[in-house]
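Have a look at the structure below before the remarks.
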Amino acid sequence: MIRVLLITGIFACPLQAETIMSAEEFDAYSSGSTVYFNRRGVAYGAEQYLRNRRVIWTFLDGQCQRGVWFAEGDGICFLYDGQAAAQCWHFLETGTGKAARVIGDDPADDLIVAGQDKQPLSCPGPGVGVSFTPSIIEE
């Protein structure tokens with residue numbers, strides 16, 4: 001009897017659905033905002049999404065990398081200044097929110113969206129006394 005309950009219980013629980021966001025959906029979601037990511041429950045980084053698919057990424061260490069994003073297949077790819085090759089991600093709608101996964105990586109390594117706002121990132125950079133705050137209004 002317990003065996004039957006366990007088996008039927010497994011099939012009665014729906015699997016958490018994941019839907020890959022299209023480039024248009026991702027652009028509508030991210031444009032003009034800063035998105036904050038956690039990995040395994042710990043703050044990991046943030047990315048500011050500017051006009052014309054330009055971005056600024058930080059690991060929350062005060063250093064920022066500028067780049068661009070573009071669609072490739074069903075992925076969203078990022079290429080940052082000084083980087084030789086783009087890294088492509090799936091941005092996912094999950095049953096519990098939004099997440100980002102490097103294409104082909106283990107879901108355990110997903111970046112989970114922890115928040116989103118309209119505040120620009122603060123990018124003081126290494127060893128400098130003044131802060132660079134990129135504007136969402138930049139062209």
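Labeling convention for the structure tokens: chains A, B, ... as they appear, residues from 1 per chain, ligands from 1 in order of appearance.
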Can you pull out every residue within 12 Å of Ala28 of chain A, counting only C-alpha atoms, but drop anything in the same chain fewer than 4 positions away, and send it as a list in words?
->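 Using only C-alpha atoms, the neighbours found are Met21, Ser22, Ala23, Glu24, Gly32, Ser33, Tyr49, Leu50, Arg51 and Arg53 of chain A.
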Preceding selection exported with N, CA and C atoms as a PDB file, in the first residue's frame:
ATOM      1  N   MET A  21      12.637  32.349 -22.107  1.00  0.00           N
ATOM      2  CA  MET A  21      12.176  33.650 -22.581  1.00  0.00           C
ATOM      3  C   MET A  21      12.770  33.918 -23.962  1.00  0.00           C
ATOM      4  N   SER A  22      11.964  34.462 -24.849  1.00  0.00           N
ATOM      5  CA  SER A  22      12.464  34.873 -26.159  1.00  0.00           C
ATOM      6  C   SER A  22      13.264  36.160 -25.992  1.00  0.00           C
ATOM      7  N   ALA A  23      13.996  36.551 -27.016  1.00  0.00           N
ATOM      8  CA  ALA A  23      14.765  37.799 -26.971  1.00  0.00           C
ATOM      9  C   ALA A  23      13.833  38.983 -26.731  1.00  0.00           C
ATOM     10  N   GLU A  24      12.669  38.966 -27.351  1.00  0.00           N
ATOM     11  CA  GLU A  24      11.710  40.049 -27.177  1.00  0.00           C
ATOM     12  C   GLU A  24      11.186  40.098 -25.744  1.00  0.00           C
ATOM     13  N   GLY A  32      16.067  48.982 -19.251  1.00  0.00           N
ATOM     14  CA  GLY A  32      15.899  50.111 -18.347  1.00  0.00           C
ATOM     15  C   GLY A  32      15.941  49.756 -16.880  1.00  0.00           C
ATOM     16  N   SER A  33      16.362  48.540 -16.555  1.00  0.00           N
ATOM     17  CA  SER A  33      16.369  48.136 -15.149  1.00  0.00           C
ATOM     18  C   SER A  33      17.707  47.512 -14.762  1.00  0.00           C
ATOM     19  N   TYR A  49      20.666  46.968 -17.488  1.00  0.00           N
ATOM     20  CA  TYR A  49      20.312  46.835 -18.898  1.00  0.00           C
ATOM     21  C   TYR A  49      19.972  48.218 -19.443  1.00  0.00           C
ATOM     22  N   LEU A  50      20.830  48.701 -20.329  1.00  0.00           N
ATOM     23  CA  LEU A  50      20.704  50.029 -20.909  1.00  0.00           C
ATOM     24  C   LEU A  50      20.028  49.948 -22.269  1.00  0.00           C
ATOM     25  N   ARG A  51      19.886  51.107 -22.913  1.00  0.00           N
ATOM     26  CA  ARG A  51      19.312  51.143 -24.269  1.00  0.00           C
ATOM     27  C   ARG A  51      20.204  50.403 -25.260  1.00  0.00           C
ATOM     28  N   ARG A  53      20.468  47.398 -26.109  1.00  0.00           N
ATOM     29  CA  ARG A  53      21.004  46.107 -25.674  1.00  0.00           C
ATOM     30  C   ARG A  53      22.409  46.205 -25.071  1.00  0.00           C
TER      31      ARG A  53
END
Tell me which protein, DNA and RNA residues are within 8 Å of Trp89 of chain A, counting only C-alpha atoms, leaving out same-chain ones fewer than 3 positions away, and put them as a PyMOL selection string.
-> chain A and resi 75-77+100-103
Among the residues A:Cys123, A:Glu93, A:Asp109, A:Asp117, the one that comes closest to Arg40 of chain A [using only C-alpha atoms] |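 Comparing A:Cys123, A:Glu93, A:Asp109, A:Asp117 against Arg40 of chain A, the winner is A:Asp109.
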Alpha helix (DSSP H) per DSSP on the backbone: members of segment 1-118 of chain A, as a list in words =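 Everything in segment 1-118 of chain A that counts as alpha helix (DSSP H) is Ile2, Arg3, Val4, Leu5, Leu6, Ile7, Thr8, Gly9, Ile10, Phe11, Ala12, Ala23, Glu24, Glu25, Phe26, Asp27, Ala28, Tyr29 and Ser30 of chain A.
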Expected answer as number ranges by chain: strand (DSSP E) residues in segment 76-107 of chain A = A: 76-80, 87-94, 97-102
Long-range neighbours of segment 18-20 of chain A as a list in words, 9 Å cut-off, only C-alpha atoms, 5 positions minimum in chain = Asp74, Gly75, His90, Phe91, Leu92, Glu93, Thr94 and Gly95 of chain A
Please write the residues from the selection above to a file, keeping all heavy atoms, as a short mmCIF file (atom, residue, chain, number, x, y, z; two decimals), in the first residue's frame.
data_model
loop_
_atom_site.label_atom_id
_atom_site.label_comp_id
_atom_site.auth_asym_id
_atom_site.auth_seq_id
_atom_site.Cartn_x
_atom_site.Cartn_y
_atom_site.Cartn_z
N ASP A 74 17.80 30.30 -29.36
CA ASP A 74 16.90 30.61 -28.25
C ASP A 74 17.68 31.14 -27.04
O ASP A 74 17.13 31.27 -25.95
CB ASP A 74 16.04 29.40 -27.87
CG ASP A 74 16.85 28.22 -27.36
OD1 ASP A 74 18.10 28.28 -27.37
OD2 ASP A 74 16.24 27.22 -26.95
N GLY A 75 18.95 31.49 -27.25
CA GLY A 75 19.78 31.99 -26.17
C GLY A 75 19.94 33.50 -26.20
O GLY A 75 19.71 34.15 -27.23
N HIS A 90 20.18 30.84 -21.19
CA HIS A 90 18.74 30.78 -21.31
C HIS A 90 18.19 31.55 -20.11
O HIS A 90 18.59 31.30 -18.97
CB HIS A 90 18.21 29.34 -21.24
CG HIS A 90 18.38 28.60 -22.51
ND1 HIS A 90 18.69 27.26 -22.55
CD2 HIS A 90 18.28 28.99 -23.81
CE1 HIS A 90 18.78 26.87 -23.80
NE2 HIS A 90 18.54 27.90 -24.59
N PHE A 91 17.32 32.50 -20.37
CA PHE A 91 16.60 33.18 -19.30
C PHE A 91 15.26 32.48 -19.19
O PHE A 91 14.55 32.32 -20.18
CB PHE A 91 16.48 34.67 -19.58
CG PHE A 91 17.76 35.38 -19.24
CD1 PHE A 91 18.83 35.37 -20.13
CD2 PHE A 91 17.93 36.01 -18.02
CE1 PHE A 91 20.03 35.98 -19.81
CE2 PHE A 91 19.13 36.62 -17.68
CZ PHE A 91 20.18 36.61 -18.59
N LEU A 92 14.95 32.05 -17.99
CA LEU A 92 13.83 31.14 -17.77
C LEU A 92 12.74 31.75 -16.90
O LEU A 92 13.04 32.42 -15.91
CB LEU A 92 14.33 29.86 -17.09
CG LEU A 92 15.50 29.15 -17.77
CD1 LEU A 92 16.15 28.16 -16.81
CD2 LEU A 92 15.03 28.46 -19.03
N GLU A 93 11.51 31.47 -17.27
CA GLU A 93 10.36 31.68 -16.39
C GLU A 93 10.17 30.33 -15.71
O GLU A 93 10.01 29.31 -16.38
CB GLU A 93 9.12 32.02 -17.21
CG GLU A 93 9.20 33.30 -17.99
CD GLU A 93 8.74 34.51 -17.20
OE1 GLU A 93 8.34 34.34 -16.04
OE2 GLU A 93 8.79 35.60 -17.77
N THR A 94 10.23 30.32 -14.39
CA THR A 94 10.04 29.07 -13.65
C THR A 94 8.76 29.16 -12.85
O THR A 94 8.12 30.21 -12.80
CB THR A 94 11.22 28.79 -12.70
OG1 THR A 94 11.17 29.73 -11.62
CG2 THR A 94 12.56 28.89 -13.43
N GLY A 95 8.40 28.10 -12.21
CA GLY A 95 7.21 28.11 -11.37
C GLY A 95 7.35 29.03 -10.17
O GLY A 95 6.36 29.40 -9.55
#
Arg66 of chain A: which residues within 7 Å, counting only C-alpha atoms, same-chain residues fewer than 5 positions away excluded, as a ChimeraX atom specification?
-> /A:55-57,80-81
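Residue nearest Leu60 of chain A within the list A:Ala86, A:Pro124, A:Leu111, A:Phe78: A:Pro124 [criterion: smallest interatomic distance, only C-alpha atoms].
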Quick one: residues within 9 Å of Phe59 of chain A, only C-alpha atoms counted, chain neighbours fewer than 4 positions away excluded, as a PyMOL selection string?
-> chain A and resi 43-47+63-64
If we count only C-alpha atoms, what is near Asp110 of chain A at a cut-off of 7 Å, once residues fewer than 2 positions away on the same chain are taken out, given as a PyMOL selection string?
-> chain A and resi 39+99-101+107-108+112
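Nearest residue to Ser122 of chain A among A:Gln65, A:Gly97, A:Phe26, A:Asn52 is A:Gln65, counting only C-alpha atoms.
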